[in-house]
>>> print(open('query.cif').read())   # mmCIF, C-alpha atoms
data_upload
#
loop_
_atom_site.group_PDB
_atom_site.id
_atom_site.type_symbol
_atom_site.label_atom_id
_atom_site.label_comp_id
_atom_site.auth_asym_id
_atom_site.auth_seq_id
_atom_site.Cartn_x
_atom_site.Cartn_y
_atom_site.Cartn_z
ATOM 1 C CA MET A 1 37.739 58.089 182.413
ATOM 2 C CA THR A 2 40.017 60.028 180.174
ATOM 3 C CA LEU A 3 39.253 61.035 176.631
ATOM 4 C CA THR A 4 42.002 60.854 174.074
ATOM 5 C CA ALA A 5 42.017 63.345 171.296
ATOM 6 C CA GLN A 6 41.758 61.823 167.889
ATOM 7 C CA ALA A 7 43.752 63.044 164.973
ATOM 8 C CA PRO A 8 41.751 65.151 162.522
ATOM 9 C CA VAL A 9 40.504 63.225 159.534
ATOM 10 C CA ASP A 10 41.855 64.402 156.212
ATOM 11 C CA LEU A 11 38.806 65.090 154.064
ATOM 12 C CA HIS A 12 40.819 66.220 151.109
ATOM 13 C CA VAL A 13 39.791 64.362 147.959
ATOM 14 C CA ASP A 14 42.129 64.342 145.023
ATOM 15 C CA THR A 15 40.611 65.408 141.767
ATOM 16 C CA VAL A 16 40.424 62.450 139.417
ATOM 17 C CA GLN A 17 41.922 63.315 136.091
ATOM 18 C CA PRO A 18 40.286 61.756 133.036
ATOM 19 C CA ALA A 19 42.438 58.995 131.725
ATOM 20 C CA SER A 20 43.884 59.551 128.320
ATOM 21 C CA PRO A 21 42.901 57.013 125.721
ATOM 22 C CA GLY A 22 45.293 54.116 125.831
ATOM 23 C CA PRO A 23 46.548 51.893 123.074
ATOM 24 C CA LYS A 24 43.401 49.753 123.196
ATOM 25 C CA GLY A 25 41.176 52.794 122.729
ATOM 26 C CA ARG A 26 43.189 54.008 119.784
ATOM 27 C CA ARG A 27 43.128 50.568 118.190
ATOM 28 C CA GLY A 28 39.357 50.478 118.583
ATOM 29 C CA LEU A 29 39.008 53.878 116.920
ATOM 30 C CA VAL A 30 41.202 52.815 114.018
ATOM 31 C CA MET A 31 39.241 49.593 113.617
ATOM 32 C CA THR A 32 35.970 51.540 113.592
ATOM 33 C CA LEU A 33 37.257 53.855 110.872
ATOM 34 C CA VAL A 34 38.497 50.924 108.797
ATOM 35 C CA LEU A 35 35.153 49.127 109.088
ATOM 36 C CA ALA A 36 33.309 52.325 108.170
ATOM 37 C CA VAL A 37 35.404 52.699 104.998
ATOM 38 C CA ILE A 38 34.789 49.032 104.113
ATOM 39 C CA ALA A 39 31.048 49.488 104.698
ATOM 40 C CA ILE A 40 30.989 52.505 102.384
ATOM 41 C CA PHE A 41 32.732 50.573 99.623
ATOM 42 C CA TRP A 42 30.432 47.609 100.224
ATOM 43 C CA ILE A 43 27.221 49.653 99.926
ATOM 44 C CA SER A 44 28.437 51.884 97.088
ATOM 45 C CA PRO A 45 27.330 49.541 94.234
ATOM 46 C CA LEU A 46 23.783 49.473 95.585
ATOM 47 C CA ALA A 47 23.772 53.240 96.054
ATOM 48 C CA LEU A 48 25.038 53.738 92.500
ATOM 49 C CA LEU A 49 22.376 51.351 91.215
ATOM 50 C CA VAL A 50 19.592 53.299 92.957
ATOM 51 C CA ILE A 51 20.874 56.667 91.717
ATOM 52 C CA THR A 52 21.187 55.371 88.155
ATOM 53 C CA ALA A 53 17.657 53.937 88.232
ATOM 54 C CA ILE A 54 16.009 57.229 89.200
ATOM 55 C CA ARG A 55 17.781 59.547 86.771
ATOM 56 C CA PRO A 56 16.960 60.276 83.119
ATOM 57 C CA LEU A 57 19.112 58.687 80.465
ATOM 58 C CA ALA A 58 20.157 62.071 79.058
ATOM 59 C CA ASP A 59 21.386 63.146 82.494
ATOM 60 C CA PHE A 60 23.302 59.868 82.877
ATOM 61 C CA ILE A 61 25.018 60.274 79.504
ATOM 62 C CA GLY A 62 25.663 63.994 79.853
ATOM 63 C CA ASN A 63 27.014 64.103 83.422
ATOM 64 C CA GLY A 64 28.491 60.613 83.787
ATOM 65 C CA PRO A 65 27.545 57.669 85.996
ATOM 66 C CA LEU A 66 29.301 58.963 89.133
ATOM 67 C CA SER A 67 27.725 62.417 89.152
ATOM 68 C CA TRP A 68 24.733 63.469 91.211
ATOM 69 C CA PRO A 69 21.603 63.682 88.998
ATOM 70 C CA ASP A 70 20.205 67.099 88.097
ATOM 71 C CA GLN A 71 16.671 65.712 88.079
ATOM 72 C CA LEU A 72 14.868 62.550 89.133
ATOM 73 C CA THR A 73 12.338 60.387 87.330
ATOM 74 C CA TRP A 74 10.312 57.252 88.076
ATOM 75 C CA SER A 75 9.491 56.418 84.468
ATOM 76 C CA ASN A 76 12.455 54.027 84.269
ATOM 77 C CA PHE A 77 10.684 51.617 86.610
ATOM 78 C CA LYS A 78 7.482 51.583 84.566
ATOM 79 C CA ASP A 79 9.375 50.939 81.336
ATOM 80 C CA ALA A 80 11.538 48.284 82.964
ATOM 81 C CA TRP A 81 8.497 46.487 84.398
ATOM 82 C CA ASP A 82 6.975 46.175 80.933
ATOM 83 C CA ILE A 83 10.179 45.234 79.098
ATOM 84 C CA GLY A 84 11.247 42.704 81.726
ATOM 85 C CA ASN A 85 7.789 41.081 81.829
ATOM 86 C CA PHE A 86 8.031 41.142 85.606
ATOM 87 C CA ALA A 87 4.337 40.377 86.099
ATOM 88 C CA THR A 88 5.005 36.890 84.725
ATOM 89 C CA THR A 89 8.526 36.311 86.025
ATOM 90 C CA TYR A 90 7.596 37.374 89.564
ATOM 91 C CA ARG A 91 4.747 34.869 89.545
ATOM 92 C CA ASN A 92 6.939 32.051 88.262
ATOM 93 C CA SER A 93 9.714 32.728 90.754
ATOM 94 C CA ALA A 94 7.217 32.916 93.620
ATOM 95 C CA ILE A 95 5.564 29.623 92.638
ATOM 96 C CA LEU A 96 8.950 27.931 92.359
ATOM 97 C CA ALA A 97 10.080 29.215 95.751
ATOM 98 C CA VAL A 98 6.820 28.243 97.483
ATOM 99 C CA LEU A 99 6.995 24.695 96.132
ATOM 100 C CA LYS A 100 10.711 24.010 96.342
ATOM 101 C CA VAL A 101 11.830 25.649 99.586
ATOM 102 C CA PRO A 102 9.494 23.836 102.054
ATOM 103 C CA LEU A 103 10.119 20.513 100.310
ATOM 104 C CA GLY A 104 13.878 21.009 100.378
ATOM 105 C CA VAL A 105 13.911 22.035 104.043
ATOM 106 C CA LEU A 106 11.739 19.057 105.048
ATOM 107 C CA LEU A 107 13.881 16.521 103.175
ATOM 108 C CA SER A 108 17.073 18.067 104.516
ATOM 109 C CA ALA A 109 15.725 18.057 108.079
ATOM 110 C CA MET A 110 14.742 14.389 107.822
ATOM 111 C CA LEU A 111 18.124 13.388 106.423
ATOM 112 C CA GLY A 112 20.009 15.589 108.894
ATOM 113 C CA PHE A 113 18.097 14.056 111.815
ATOM 114 C CA ALA A 114 18.837 10.534 110.598
ATOM 115 C CA LEU A 115 22.555 11.277 110.216
ATOM 116 C CA ALA A 116 22.809 13.050 113.566
ATOM 117 C CA LYS A 117 20.663 10.956 115.905
ATOM 118 C CA LEU A 118 19.662 7.608 114.451
ATOM 119 C CA ARG A 119 21.743 4.454 114.560
ATOM 120 C CA MET A 120 21.864 3.374 110.949
ATOM 121 C CA ARG A 121 24.174 1.292 108.835
ATOM 122 C CA PHE A 122 26.600 3.057 106.508
ATOM 123 C CA ARG A 123 25.839 6.397 108.152
ATOM 124 C CA ARG A 124 29.311 7.758 107.479
ATOM 125 C CA THR A 125 29.132 6.633 103.859
ATOM 126 C CA VAL A 126 25.776 8.350 103.370
ATOM 127 C CA MET A 127 27.055 11.511 105.057
ATOM 128 C CA PHE A 128 30.167 11.556 102.884
ATOM 129 C CA THR A 129 28.070 11.048 99.757
ATOM 130 C CA VAL A 130 25.703 13.878 100.657
ATOM 131 C CA PHE A 131 28.456 16.325 101.506
ATOM 132 C CA LEU A 132 30.303 15.373 98.330
ATOM 133 C CA GLY A 133 27.579 17.277 96.524
ATOM 134 C CA LEU A 134 29.029 20.500 97.929
ATOM 135 C CA THR A 135 32.210 19.962 95.939
ATOM 136 C CA ILE A 136 30.601 19.376 92.530
ATOM 137 C CA PRO A 137 30.557 22.539 90.367
ATOM 138 C CA ILE A 138 27.192 23.238 88.819
ATOM 139 C CA TYR A 139 28.789 23.968 85.437
ATOM 140 C CA ILE A 140 29.946 20.406 84.784
ATOM 141 C CA THR A 141 26.419 19.079 85.340
ATOM 142 C CA ILE A 142 24.646 21.274 82.780
ATOM 143 C CA VAL A 143 24.785 18.823 79.872
ATOM 144 C CA PRO A 144 23.848 15.682 81.875
ATOM 145 C CA VAL A 145 21.005 17.487 83.647
ATOM 146 C CA PHE A 146 19.655 18.896 80.388
ATOM 147 C CA ILE A 147 19.729 15.470 78.719
ATOM 148 C CA MET A 148 17.945 13.845 81.670
ATOM 149 C CA MET A 149 15.312 16.576 81.904
ATOM 150 C CA ARG A 150 14.690 16.481 78.141
ATOM 151 C CA SER A 151 14.299 12.706 78.252
ATOM 152 C CA ALA A 152 11.796 13.086 81.072
ATOM 153 C CA GLY A 153 9.900 15.810 79.208
ATOM 154 C CA ALA A 154 10.495 18.293 82.027
ATOM 155 C CA THR A 155 12.109 21.108 80.047
ATOM 156 C CA ASP A 156 10.428 24.499 79.647
ATOM 157 C CA SER A 157 8.554 24.021 82.913
ATOM 158 C CA ILE A 158 9.105 25.699 86.265
ATOM 159 C CA PHE A 159 8.191 22.393 87.924
ATOM 160 C CA GLY A 160 11.060 20.728 86.080
ATOM 161 C CA LEU A 161 13.495 23.009 87.918
ATOM 162 C CA ILE A 162 12.536 21.586 91.310
ATOM 163 C CA GLY A 163 14.604 18.406 90.867
ATOM 164 C CA PRO A 164 17.945 20.074 89.998
ATOM 165 C CA TYR A 165 17.363 22.759 92.638
ATOM 166 C CA LEU A 166 16.802 20.101 95.308
ATOM 167 C CA ALA A 167 19.879 18.167 94.246
ATOM 168 C CA PHE A 168 22.160 21.175 94.659
ATOM 169 C CA GLY A 169 20.415 22.708 97.681
ATOM 170 C CA ILE A 170 20.032 19.718 99.993
ATOM 171 C CA PRO A 171 23.770 19.104 100.757
ATOM 172 C CA PHE A 172 24.290 22.542 102.309
ATOM 173 C CA GLU A 173 21.006 22.398 104.211
ATOM 174 C CA VAL A 174 21.843 18.949 105.591
ATOM 175 C CA LEU A 175 25.256 20.250 106.677
ATOM 176 C CA VAL A 176 23.670 23.062 108.684
ATOM 177 C CA LEU A 177 20.786 21.055 110.132
ATOM 178 C CA GLN A 178 22.692 17.942 111.161
ATOM 179 C CA SER A 179 25.211 20.161 112.969
ATOM 180 C CA PHE A 180 22.315 21.727 114.856
ATOM 181 C CA PHE A 181 20.636 18.399 115.607
ATOM 182 C CA ARG A 182 23.857 17.090 117.176
ATOM 183 C CA GLN A 183 23.542 19.719 119.900
ATOM 184 C CA ILE A 184 20.128 18.438 121.022
ATOM 185 C CA PRO A 185 20.673 16.227 124.103
ATOM 186 C CA ASP A 186 20.240 12.527 123.461
ATOM 187 C CA GLU A 187 18.477 12.220 126.830
ATOM 188 C CA ILE A 188 15.417 13.986 125.413
ATOM 189 C CA ILE A 189 15.115 11.498 122.561
ATOM 190 C CA GLU A 190 15.780 8.545 124.867
ATOM 191 C CA ALA A 191 13.085 9.681 127.295
ATOM 192 C CA ALA A 192 10.562 9.987 124.469
ATOM 193 C CA THR A 193 11.553 6.564 123.156
ATOM 194 C CA VAL A 194 11.017 5.008 126.601
ATOM 195 C CA ASP A 195 7.538 6.549 126.636
ATOM 196 C CA GLY A 196 6.781 4.731 123.390
ATOM 197 C CA ALA A 197 7.414 7.447 120.798
ATOM 198 C CA GLY A 198 8.772 6.272 117.469
ATOM 199 C CA ASP A 199 11.322 8.024 115.273
ATOM 200 C CA TRP A 200 8.674 9.829 113.222
ATOM 201 C CA ARG A 201 6.887 11.138 116.313
ATOM 202 C CA VAL A 202 10.148 12.238 117.898
ATOM 203 C CA PHE A 203 11.108 14.059 114.706
ATOM 204 C CA PHE A 204 7.829 15.922 114.149
ATOM 205 C CA THR A 205 6.814 16.630 117.760
ATOM 206 C CA MET A 206 10.195 17.269 119.395
ATOM 207 C CA ILE A 207 13.049 17.827 116.960
ATOM 208 C CA LEU A 208 11.305 20.233 114.574
ATOM 209 C CA PRO A 209 9.902 22.534 117.319
ATOM 210 C CA LEU A 210 13.340 22.684 118.972
ATOM 211 C CA SER A 211 15.014 23.476 115.644
ATOM 212 C CA VAL A 212 12.972 26.472 114.503
ATOM 213 C CA PRO A 213 15.980 28.893 114.339
ATOM 214 C CA ALA A 214 17.998 26.525 112.155
ATOM 215 C CA LEU A 215 14.987 25.668 109.975
ATOM 216 C CA VAL A 216 14.181 29.327 109.390
ATOM 217 C CA THR A 217 17.809 30.022 108.524
ATOM 218 C CA VAL A 218 18.100 27.330 105.868
ATOM 219 C CA ALA A 219 14.658 28.266 104.508
ATOM 220 C CA ILE A 220 15.721 31.896 104.057
ATOM 221 C CA LEU A 221 19.036 30.992 102.436
ATOM 222 C CA ASP A 222 17.347 28.429 100.199
ATOM 223 C CA ALA A 223 14.683 30.921 99.144
ATOM 224 C CA VAL A 224 17.335 33.492 98.221
ATOM 225 C CA ALA A 225 19.316 30.905 96.227
ATOM 226 C CA THR A 226 16.161 29.735 94.433
ATOM 227 C CA TRP A 227 15.098 33.295 93.638
ATOM 228 C CA ASN A 228 18.500 34.196 92.205
ATOM 229 C CA GLU A 229 19.326 30.958 90.339
ATOM 230 C CA PHE A 230 20.091 31.682 86.724
ATOM 231 C CA LEU A 231 22.012 28.919 84.956
ATOM 232 C CA PHE A 232 19.556 26.008 85.157
ATOM 233 C CA ALA A 233 16.627 28.340 84.492
ATOM 234 C CA LEU A 234 18.385 29.662 81.395
ATOM 235 C CA ILE A 235 19.128 26.167 80.060
ATOM 236 C CA LEU A 236 15.804 24.490 80.851
ATOM 237 C CA LEU A 237 13.298 27.300 80.193
ATOM 238 C CA ASN A 238 12.495 28.512 76.687
ATOM 239 C CA SER A 239 9.155 30.303 76.529
ATOM 240 C CA ASP A 240 8.537 33.722 78.043
ATOM 241 C CA ALA A 241 5.542 32.372 79.958
ATOM 242 C CA HIS A 242 7.787 30.130 82.083
ATOM 243 C CA LYS A 243 10.834 32.323 82.660
ATOM 244 C CA THR A 244 11.952 33.313 86.137
ATOM 245 C CA ILE A 245 13.192 36.739 87.182
ATOM 246 C CA PRO A 246 16.948 36.214 86.480
ATOM 247 C CA VAL A 247 16.184 34.909 82.993
ATOM 248 C CA GLY A 248 13.651 37.675 82.408
ATOM 249 C CA LEU A 249 16.396 40.249 82.858
ATOM 250 C CA LEU A 250 17.844 39.042 79.559
ATOM 251 C CA ASN A 251 14.925 40.806 77.858
ATOM 252 C CA PHE A 252 16.856 44.029 78.364
ATOM 253 C CA GLN A 253 19.617 42.833 76.082
ATOM 254 C CA GLY A 254 19.405 44.694 72.809
ATOM 255 C CA GLN A 255 16.393 46.806 73.755
ATOM 256 C CA PHE A 256 18.335 48.415 76.600
ATOM 257 C CA ALA A 257 21.803 47.939 75.157
ATOM 258 C CA ASN A 258 22.648 51.616 75.729
ATOM 259 C CA ASN A 259 19.894 52.458 78.236
ATOM 260 C CA ASN A 260 21.771 51.990 81.473
ATOM 261 C CA THR A 261 19.117 53.728 83.541
ATOM 262 C CA GLY A 262 16.395 51.334 82.360
ATOM 263 C CA LEU A 263 18.623 48.332 83.012
ATOM 264 C CA ALA A 264 19.416 49.603 86.515
ATOM 265 C CA ALA A 265 15.700 49.978 87.232
ATOM 266 C CA GLY A 266 15.085 46.410 86.078
ATOM 267 C CA ILE A 267 17.857 45.032 88.295
ATOM 268 C CA LEU A 268 16.517 46.980 91.261
ATOM 269 C CA ILE A 269 13.018 45.594 90.725
ATOM 270 C CA ALA A 270 14.472 42.091 90.678
ATOM 271 C CA VAL A 271 16.514 42.394 93.883
ATOM 272 C CA VAL A 272 14.054 44.370 96.031
ATOM 273 C CA PRO A 273 12.387 41.256 97.549
ATOM 274 C CA ILE A 274 15.774 39.819 98.472
ATOM 275 C CA LEU A 275 16.913 43.054 100.091
ATOM 276 C CA ILE A 276 13.699 43.274 102.107
ATOM 277 C CA ALA A 277 14.010 39.643 103.202
ATOM 278 C CA TYR A 278 17.603 40.094 104.357
ATOM 279 C CA THR A 279 16.750 43.309 106.200
ATOM 280 C CA LEU A 280 13.776 41.869 108.081
ATOM 281 C CA LEU A 281 15.156 38.373 108.732
ATOM 282 C CA GLN A 282 18.820 39.061 109.322
ATOM 283 C CA ARG A 283 18.657 38.151 113.010
ATOM 284 C CA TRP A 284 17.139 34.777 112.115
ATOM 285 C CA ILE A 285 19.979 34.036 109.697
ATOM 286 C CA VAL A 286 22.705 34.889 112.210
ATOM 287 C CA GLY A 287 20.910 33.215 115.103
ATOM 288 C CA GLY A 288 20.242 30.023 113.191
ATOM 289 C CA LEU A 289 23.805 29.650 111.946
ATOM 290 C CA THR A 290 25.278 30.189 115.425
ATOM 291 C CA ALA A 291 22.652 28.327 117.452
ATOM 292 C CA GLY A 292 24.422 25.023 117.115
ATOM 293 C CA SER A 293 27.961 26.318 117.559
ATOM 294 C CA LEU A 294 27.935 26.049 121.358
ATOM 295 C CA LYS A 295 26.769 23.006 123.212
ATOM 296 C CA GLY A 296 24.306 23.901 125.942
#
>>> encode(input="query.cif", output="structure tokens")
Amino acid sequence: MTLTAQAPVDLHVDTVQPASPGPKGRRGLVMTLVLAVIAIFWISPLALLVITAIRPLADFIGNGPLSWPDQLTWSNFKDAWDIGNFATTYRNSAILAVLKVPLGVLLSAMLGFALAKLRMRFRRTVMFTVFLGLTIPIYITIVPVFIMMRSAGATDSIFGLIGPYLAFGIPFEVLVLQSFFRQIPDEIIEAATVDGAGDWRVFFTMILPLSVPALVTVAILDAVATWNEFLFALILLNSDAHKTIPVGLLNFQGQFANNNTGLAAGILIAVVPILIAYTLLQRWIVGGLTAGSLKG
């Protein structure tokens, strides 16, 4: 047996040179820089508000609103809390949100389920009527709503605000929820119906548990809208004992006409709960709005 000599194996390995960033990499870097600049401009009003709220008025007037403060103070918040009557307005806004938001979400979920899954007469007409509410500006309804609420004796009461708030909040919530309910397979509802479950049982035992992301989303958005609503509260509430936080900020008019630092502290006190809610629940908002966008 003869052995044939094999050719030597070339073990030379070429050094891999790092690839230079291509056009896609450069476009990504430019996009990142652009988004960073936009983010800075977006957050700058809040940053300016915080800086103004923790500086003395003399420093604000002497150095200008865009300068860095020479000293810091927390007395603006104490004065703003007293002037704005936040102990009362916080309570009223909290009571209104606790009563209105769950009721609005429940009614919207029931109507959204009926429009999405139930066979009912004039469903398209009802859906069109509900969504038409999204196109009605709130400003043209001020006089009719005030006349109706005055006739019903519901003015100057935080409970009287629940009706107008529901009327303007339900259309958007129904839009979000019925879009989500459409993505739930009909086979699940049909199987429960075959087993003897009625519409109410299907809704409360199956649809609501499957719709937690969407329900949490509309609840958060509704709570923020209720907390910040100003126009109806201004028109329907008169006494200081019933004012909500946005209306309570009007107490700074005149008393804080030239005290920008006190006014900034009052605004910051009013928006802190909303900022905390958005920070902690942001993933719920995004997840709920996109949960029904893709059909599983």
>>> resolve_selection(input="query.cif", expression="the PyMOL selection byres ((chain A and resi 105-117) around 9)", output="JSON, numbers by chain")
{"A": [100, 101, 102, 103, 104, 118, 119, 120, 123, 124, 126, 127, 169, 170, 171, 172, 173, 174, 175, 176, 177, 178, 179, 180, 181, 182, 186, 189, 203, 207, 208, 215, 218, 219, 222]}
>>> resolve_selection(input="query.cif", expression="the PyMOL selection byres ((chain A and resi 82-89) around 12)", output="count of residues only")
47
>>> residues_around(input="query.cif", residues="region 139-150 of chain A", least_positions_apart="3", cutoff="12 Å", atoms="only C-alpha atoms", output="short mmCIF file (atom, residue, chain, number, x, y, z; two decimals) with C-alpha atoms, in the coordinates of the input")
data_model
loop_
_atom_site.label_atom_id
_atom_site.label_comp_id
_atom_site.auth_asym_id
_atom_site.auth_seq_id
_atom_site.Cartn_x
_atom_site.Cartn_y
_atom_site.Cartn_z
CA GLY A 133 27.58 17.28 96.52
CA THR A 135 32.21 19.96 95.94
CA ILE A 136 30.60 19.38 92.53
CA GLY A 153 9.90 15.81 79.21
CA ALA A 154 10.50 18.29 82.03
CA THR A 155 12.11 21.11 80.05
CA ASP A 156 10.43 24.50 79.65
CA SER A 157 8.55 24.02 82.91
CA ILE A 158 9.10 25.70 86.26
CA PHE A 159 8.19 22.39 87.92
CA GLY A 160 11.06 20.73 86.08
CA LEU A 161 13.50 23.01 87.92
CA ILE A 162 12.54 21.59 91.31
CA GLY A 163 14.60 18.41 90.87
CA PRO A 164 17.94 20.07 90.00
CA TYR A 165 17.36 22.76 92.64
CA ALA A 167 19.88 18.17 94.25
CA PHE A 168 22.16 21.18 94.66
CA PHE A 230 20.09 31.68 86.72
CA LEU A 231 22.01 28.92 84.96
CA PHE A 232 19.56 26.01 85.16
CA ALA A 233 16.63 28.34 84.49
CA LEU A 234 18.39 29.66 81.40
CA ILE A 235 19.13 26.17 80.06
CA LEU A 236 15.80 24.49 80.85
CA LEU A 237 13.30 27.30 80.19
#
>>> atom_distance(input="query.cif", atom1="CA of Thr73 (chain A)", atom2="CA of Ile274 (chain A)")
23.6 Å
>>> residues_around(input="query.cif", residues="Ile51 (chain A)", least_positions_apart="6", cutoff="10 Å", atoms="all atoms listed in the file", output="compact mmCIF listing (two decimals) with C-alpha atoms, in the frame of the given file")
# COMPACT_ATOMS: atom_id res chain seq x y z
CA PRO A 45 27.33 49.54 94.23
CA PHE A 60 23.30 59.87 82.88
CA PRO A 65 27.54 57.67 86.00
CA LEU A 66 29.30 58.96 89.13
CA SER A 67 27.72 62.42 89.15
CA TRP A 68 24.73 63.47 91.21
CA PRO A 69 21.60 63.68 89.00
CA LEU A 72 14.87 62.55 89.13
CA THR A 261 19.12 53.73 83.54
CA ALA A 264 19.42 49.60 86.52
CA ALA A 265 15.70 49.98 87.23
>>> atom_distance(input="query.cif", atom1="CA of Tyr278 (chain A)", atom2="CA of Phe131 (chain A)")
26.3 Å
>>> closest_residue(input="query.cif", among="A:Arg283, A:Val98, A:Pro273, A:Ala39", to="Val216 (chain A)", atoms="only C-alpha atoms")
A:Arg283
>>> atom_distance(input="query.cif", atom1="CA of Ile61 (chain A)", atom2="CA of Leu48 (chain A)")
14.5 Å
